[in-house]
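Raw run.txt, compact mmCIF, C-alpha atoms:
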# COMPACT_ATOMS: atom_id res chain seq x y z
CA LEU A 1376 101.25 45.29 67.84
CA PRO A 1377 102.06 45.49 71.53
CA TYR A 1378 101.82 42.21 73.41
CA ALA A 1379 98.47 43.02 75.08
CA ALA A 1380 96.86 44.02 71.77
CA ARG A 1381 98.27 40.92 70.06
CA ALA A 1382 96.93 38.65 72.81
CA GLU A 1383 93.50 40.27 72.61
CA ALA A 1384 93.44 40.09 68.80
CA HIS A 1385 94.31 36.40 68.87
CA ALA A 1386 92.05 35.40 71.79
CA SER A 1387 94.60 33.69 74.01
CA ASP A 1388 93.36 30.93 76.31
CA SER A 1389 94.73 29.83 79.68
CA PHE A 1390 94.54 26.42 81.34
CA GLU A 1391 95.58 25.20 84.78
CA THR A 1392 98.04 22.34 85.05
CA ASP A 1393 99.54 20.90 88.22
CA MET A 1394 102.85 22.41 87.03
CA GLY A 1395 101.23 25.85 86.81
CA PRO A 1396 99.35 27.90 84.20
CA LEU A 1397 99.52 27.21 80.45
CA THR A 1398 98.62 30.09 78.13
CA VAL A 1399 98.11 29.51 74.40
CA HIS A 1400 98.48 32.33 71.87
CA PRO A 1401 97.34 31.53 68.30
CA VAL A 1402 99.52 33.22 65.67
CA SER A 1403 98.34 31.99 62.26
CA HIS A 1404 97.20 28.70 60.70
CA ALA A 1405 99.22 25.98 62.53
CA SER A 1406 101.56 28.41 64.31
CA PHE A 1407 101.04 29.14 67.98
CA VAL A 1408 102.95 30.08 71.13
CA MET A 1409 102.48 28.34 74.49
CA GLU A 1410 103.66 29.92 77.71
CA THR A 1411 104.19 27.02 80.11
CA PRO A 1412 105.66 26.76 83.61
CA ALA A 1413 108.70 25.07 82.01
CA GLY A 1414 109.29 27.70 79.33
CA VAL A 1415 107.90 29.21 76.15
CA ILE A 1416 107.14 26.78 73.31
CA TYR A 1417 106.66 27.83 69.67
CA VAL A 1418 104.90 25.29 67.46
CA ASP A 1419 105.44 25.33 63.68
CA PRO A 1420 106.43 29.02 63.53
CA VAL A 1421 106.09 30.33 59.97
CA GLY A 1422 105.33 33.66 58.33
CA ASP A 1423 107.00 36.95 59.05
CA ALA A 1424 109.09 36.83 62.22
CA ALA A 1425 107.53 40.19 63.14
CA GLN A 1426 104.31 38.27 63.97
CA TYR A 1427 106.14 36.95 67.04
CA GLU A 1428 107.33 40.33 68.31
CA GLY A 1429 105.93 40.97 71.75
CA PHE A 1430 105.68 37.29 72.60
CA PRO A 1431 108.30 35.95 75.00
CA ALA A 1432 111.32 34.46 73.21
CA ALA A 1433 111.15 30.74 72.40
CA ASP A 1434 112.77 28.32 74.82
CA LEU A 1435 111.64 25.36 72.70
CA ILE A 1436 110.54 25.18 69.05
CA LEU A 1437 108.65 22.13 67.77
CA ILE A 1438 108.39 21.46 64.02
CA THR A 1439 105.93 18.82 62.81
CA HIS A 1440 106.94 18.56 59.14
CA GLU A 1441 108.51 20.34 56.16
CA HIS A 1442 105.56 21.94 54.37
CA GLY A 1443 105.79 25.72 54.10
CA ASP A 1444 102.78 26.29 56.35
CA HIS A 1445 104.62 24.45 59.17
CA TYR A 1446 108.33 25.01 58.49
CA ASN A 1447 110.09 28.09 57.15
CA ALA A 1448 113.88 28.24 57.46
CA GLU A 1449 114.07 32.06 57.48
CA THR A 1450 111.45 32.41 60.19
CA LEU A 1451 113.07 29.66 62.22
CA GLU A 1452 116.51 31.28 62.00
CA ALA A 1453 115.05 34.64 63.07
CA LEU A 1454 113.33 33.10 66.12
CA MET A 1455 116.13 30.81 67.31
CA GLY A 1456 118.00 32.18 70.30
CA GLU A 1457 121.30 30.86 71.60
CA GLU A 1458 119.49 28.81 74.25
CA THR A 1459 116.46 27.80 72.14
CA HIS A 1460 116.00 24.03 71.98
CA LEU A 1461 114.84 22.78 68.56
CA ILE A 1462 112.96 19.50 68.04
CA THR A 1463 112.03 18.35 64.53
CA ASN A 1464 111.10 15.23 62.64
CA PRO A 1465 113.94 13.56 60.63
CA ALA A 1466 112.91 15.08 57.27
CA VAL A 1467 113.12 18.66 58.57
CA ALA A 1468 116.39 17.92 60.39
CA GLU A 1469 117.94 16.96 57.05
CA MET A 1470 116.86 20.21 55.34
CA LEU A 1471 117.83 22.75 58.03
CA PRO A 1472 120.06 25.53 56.67
CA GLU A 1473 123.78 25.49 57.30
CA GLY A 1474 124.59 26.59 60.84
CA LEU A 1475 121.26 25.44 62.26
CA GLU A 1476 120.89 22.00 63.81
CA ALA A 1477 118.07 20.30 65.63
CA ASP A 1478 118.87 19.60 69.27
CA GLU A 1479 116.69 16.51 69.06
CA VAL A 1480 115.26 14.61 66.10
CA LEU A 1481 112.17 12.58 66.93
CA ALA A 1482 110.72 10.00 64.56
CA ASN A 1483 107.23 8.55 64.99
CA GLY A 1484 107.08 6.75 68.33
CA ASP A 1485 110.13 8.50 69.86
CA SER A 1486 109.94 10.29 73.18
CA THR A 1487 112.00 12.80 75.10
CA THR A 1488 111.77 15.10 78.09
CA TRP A 1489 112.44 18.82 77.97
CA ASN A 1490 112.38 20.86 81.21
CA GLU A 1491 110.11 18.29 82.89
CA ILE A 1492 107.67 18.22 79.94
CA GLY A 1493 107.31 14.80 78.34
CA ILE A 1494 107.24 14.94 74.53
CA ASP A 1495 105.98 12.00 72.46
CA ALA A 1496 106.19 12.02 68.65
CA ILE A 1497 102.87 10.75 67.30
CA PRO A 1498 102.47 9.68 63.65
CA ALA A 1499 100.71 12.13 61.33
CA TYR A 1500 99.73 10.97 57.84
CA ASN A 1501 97.05 10.75 55.17
CA THR A 1502 94.97 7.63 54.61
CA THR A 1503 92.61 8.70 51.80
CA GLU A 1504 93.53 7.36 48.37
CA GLY A 1505 94.95 10.18 46.27
CA ARG A 1506 96.08 12.12 49.35
CA THR A 1507 98.76 9.84 50.78
CA ASN A 1508 101.48 11.72 48.89
CA PHE A 1509 100.68 14.90 50.87
CA HIS A 1510 101.66 13.38 54.22
CA PRO A 1511 103.04 9.84 53.76
CA GLU A 1512 102.96 7.43 56.69
CA GLY A 1513 106.15 7.47 58.77
CA ARG A 1514 107.46 10.93 57.83
CA ASP A 1515 105.59 13.62 59.79
CA ASN A 1516 104.98 14.12 63.50
CA GLY A 1517 102.24 15.18 65.79
CA TYR A 1518 103.24 15.64 69.43
CA VAL A 1519 101.78 14.91 72.85
CA LEU A 1520 103.17 17.16 75.56
CA THR A 1521 102.74 15.99 79.15
CA MET A 1522 102.92 18.69 81.82
CA GLY A 1523 102.36 16.87 85.09
CA ASP A 1524 98.73 15.70 84.86
CA PHE A 1525 97.88 17.88 81.81
CA ARG A 1526 98.32 16.53 78.29
CA VAL A 1527 98.33 18.53 75.05
CA TYR A 1528 97.97 16.90 71.63
CA ILE A 1529 99.29 18.73 68.55
CA SER A 1530 98.14 16.80 65.50
CA GLY A 1531 100.39 18.24 62.82
CA ASP A 1532 98.88 17.48 59.40
CA THR A 1533 97.05 14.18 59.49
CA GLU A 1534 93.78 12.45 58.83
CA ASP A 1535 91.78 10.44 61.38
CA ILE A 1536 94.33 7.71 62.07
CA PRO A 1537 94.36 4.81 64.57
CA GLU A 1538 97.31 6.32 66.46
CA MET A 1539 95.24 9.46 67.13
CA ARG A 1540 92.20 7.42 68.20
CA ALA A 1541 94.40 5.46 70.63
CA LEU A 1542 95.44 8.58 72.57
CA GLU A 1543 93.98 8.84 76.05
CA ASP A 1544 93.71 11.50 78.73
CA ILE A 1545 94.18 14.45 76.35
CA ASP A 1546 93.14 17.71 78.02
CA LEU A 1547 93.78 20.07 75.09
CA ALA A 1548 93.96 19.14 71.41
CA PHE A 1549 95.06 21.16 68.39
CA LEU A 1550 93.58 19.38 65.36
CA CYS A 1551 94.21 20.19 61.73
CA MET A 1552 91.41 21.09 59.32
CA ASN A 1553 92.55 21.97 55.82
CA LEU A 1554 91.05 20.24 52.79
CA PRO A 1555 92.11 18.50 50.68
CA PHE A 1556 95.25 17.95 52.74
CA THR A 1557 93.91 16.92 56.17
CA MET A 1558 90.40 16.75 57.69
CA THR A 1559 87.05 18.45 57.49
CA ALA A 1560 85.71 20.16 60.62
CA GLU A 1561 83.29 17.23 61.02
CA GLN A 1562 86.13 14.67 60.84
CA ALA A 1563 88.18 16.63 63.37
CA ALA A 1564 85.18 16.91 65.72
CA ASP A 1565 84.57 13.16 65.45

Can the structure in the file be given as structure tokens, please?
Amino acid sequence: LPYAARAEAHASDSFETDMGPLTVHPVSHASFVMETPAGVIYVDPVGDAAQYEGFPAADLILITHEHGDHYNAETLEALMGEETHLITNPAVAEMLPEGLEADEVLANGDSTTWNEIGIDAIPAYNTTEGRTNFHPEGRDNGYVLTMGDFRVYISGDTEDIPEMRALEDIDLAFLCMNLPFTMTAEQAAD
């Protein structure tokens, strides 16, 4: 689809930050594209790379964890440009295909800055007995992106955890809802 048709089909949203406008384009499931004043950010891009045709090329790609609905090596390779900056958690960094390396590897609690956007790696894990093997504590990331005075939380796959509850001043949140692996809509809303 042409860019305009794709944006309309996916109901893009725009937000004002003191750095400039932020436009979010949902792609599928956990995959989305953010056009920011600092560059274009792809989050957990999976599926056919053709789904991303018409969107601006990725300046930064963030990967939360290794599950196939968040990380796909073929899609990632197709979307990586020579100047694309790749940030992953340690587990994904270890499984990247030959010839592809993460520019930065962030574990839970790590922080970095990319083009004036602060990036904090927030834990993402299951707490319910019988589900902890899906997303064990300490492995997967969520991210908080700070663009001037505007903060975006990307939960990755997690349940309602203390680290999420402790976040403050979040202006836009992308929360997972996918049973039995993460949260119900009611849990996410709470």

**Message:** One number please: atom CA of Met1455 of chain A to atom CA of Ser1406 of chain A, in Å, one decimal.
**Reply:** 15.1 Å

**Item:** Using all atoms listed in the file: which of A:Tyr1500, A:Tyr1417, A:Tyr1427, A:Phe1525 has the shortest distance to Cys1551 of chain A
**Value:**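 Checking each of A:Tyr1500, A:Tyr1417, A:Tyr1427, A:Phe1525 against Cys1551 of chain A, counting all atoms listed in the file, the winner is A:Tyr1500.
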
**Fill in**
Students should find that atom CA of Thr1502 of chain A and atom CA of Glu1534 of chain A are spaced 6.5 Å

Show me as an mmCIF file with C-alpha atoms, in the frame of the given file the residues that reach within 7 Å of (113.5, 13.4, 67.0), counting all atoms listed in the file and using the file's own coordinates.
data_model
loop_
_atom_site.group_PDB
_atom_site.id
_atom_site.type_symbol
_atom_site.label_atom_id
_atom_site.label_comp_id
_atom_site.auth_asym_id
_atom_site.auth_seq_id
_atom_site.Cartn_x
_atom_site.Cartn_y
_atom_site.Cartn_z
ATOM 1 C CA ILE A 1462 112.960 19.500 68.040
ATOM 2 C CA THR A 1463 112.030 18.350 64.530
ATOM 3 C CA ASN A 1464 111.100 15.230 62.640
ATOM 4 C CA PRO A 1465 113.940 13.560 60.630
ATOM 5 C CA GLU A 1479 116.690 16.510 69.060
ATOM 6 C CA VAL A 1480 115.260 14.610 66.100
ATOM 7 C CA LEU A 1481 112.170 12.580 66.930
ATOM 8 C CA ALA A 1482 110.720 10.000 64.560
ATOM 9 C CA ASP A 1485 110.130 8.500 69.860
#

**Request:** Rank A:Ala1405, A:Ala1386, A:Leu1451, A:Met1394 by their smallest atom-to-atom distance to Leu1471 of chain A, using all atoms listed in the file, and report the top residue only.
**Result:**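 Counting all atoms listed in the file, the residue closest to Leu1471 of chain A is A:Leu1451.
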
**Item:** Protein and nucleic acid residues near (109.3, 36.5, 63.4) (cut-off 10 Å, all atoms listed in the file) as a ChimeraX atom specification
**Value:** /A:1420-1428,1430,1449-1455

**Request:** Work out how far atom CA of Ala1496 of chain A is from atom CA of Gly1523 of chain A, in Å to one decimal.
**Result:**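 These atoms are spaced 17.6 Å apart.
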
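Take the candidates A:Glu1491, A:Asp1419, A:Glu1458, A:Glu1538 and check each one against Leu1437 of chain A using all atoms listed in the file; the shortest distance goes to A:Asp1419.
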
**Request:** Return the single residue from A:Leu1520, A:Leu1547, A:Ala1560, A:Ala1499 that is closest to Ser1389 of chain A, with distances computed using only C-alpha atoms.
**Result:** A:Leu1547

**Request:** Go through A:Thr1487, A:Asp1388, A:Thr1533, A:Thr1521 and flag the residue nearest Asn1508 of chain A, using all atoms listed in the file for the distances.
**Result:**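 Counting all atoms listed in the file, the residue closest to Asn1508 of chain A is A:Thr1533.
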
**Request:** Rank nothing, just name the residue among A:Met1470, A:Val1519, A:Ala1413, A:Ala1564 nearest to Leu1435 of chain A, using all atoms listed in the file.
**Result:**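 Comparing A:Met1470, A:Val1519, A:Ala1413, A:Ala1564 against Leu1435 of chain A, the winner is A:Ala1413.
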
As a short mmCIF file (atom, residue, chain, number, x, y, z; two decimals) with C-alpha atoms, in the coordinates of the input, please: the residues near Asp1524 of chain A (cut-off 9 Å, only C-alpha atoms, same-chain neighbours under 6 positions excluded).
data_model
loop_
_atom_site.label_atom_id
_atom_site.label_comp_id
_atom_site.auth_asym_id
_atom_site.auth_seq_id
_atom_site.Cartn_x
_atom_site.Cartn_y
_atom_site.Cartn_z
CA THR A 1392 98.04 22.34 85.05
CA ASP A 1393 99.54 20.90 88.22
CA MET A 1394 102.85 22.41 87.03
CA ASP A 1544 93.71 11.50 78.73
#
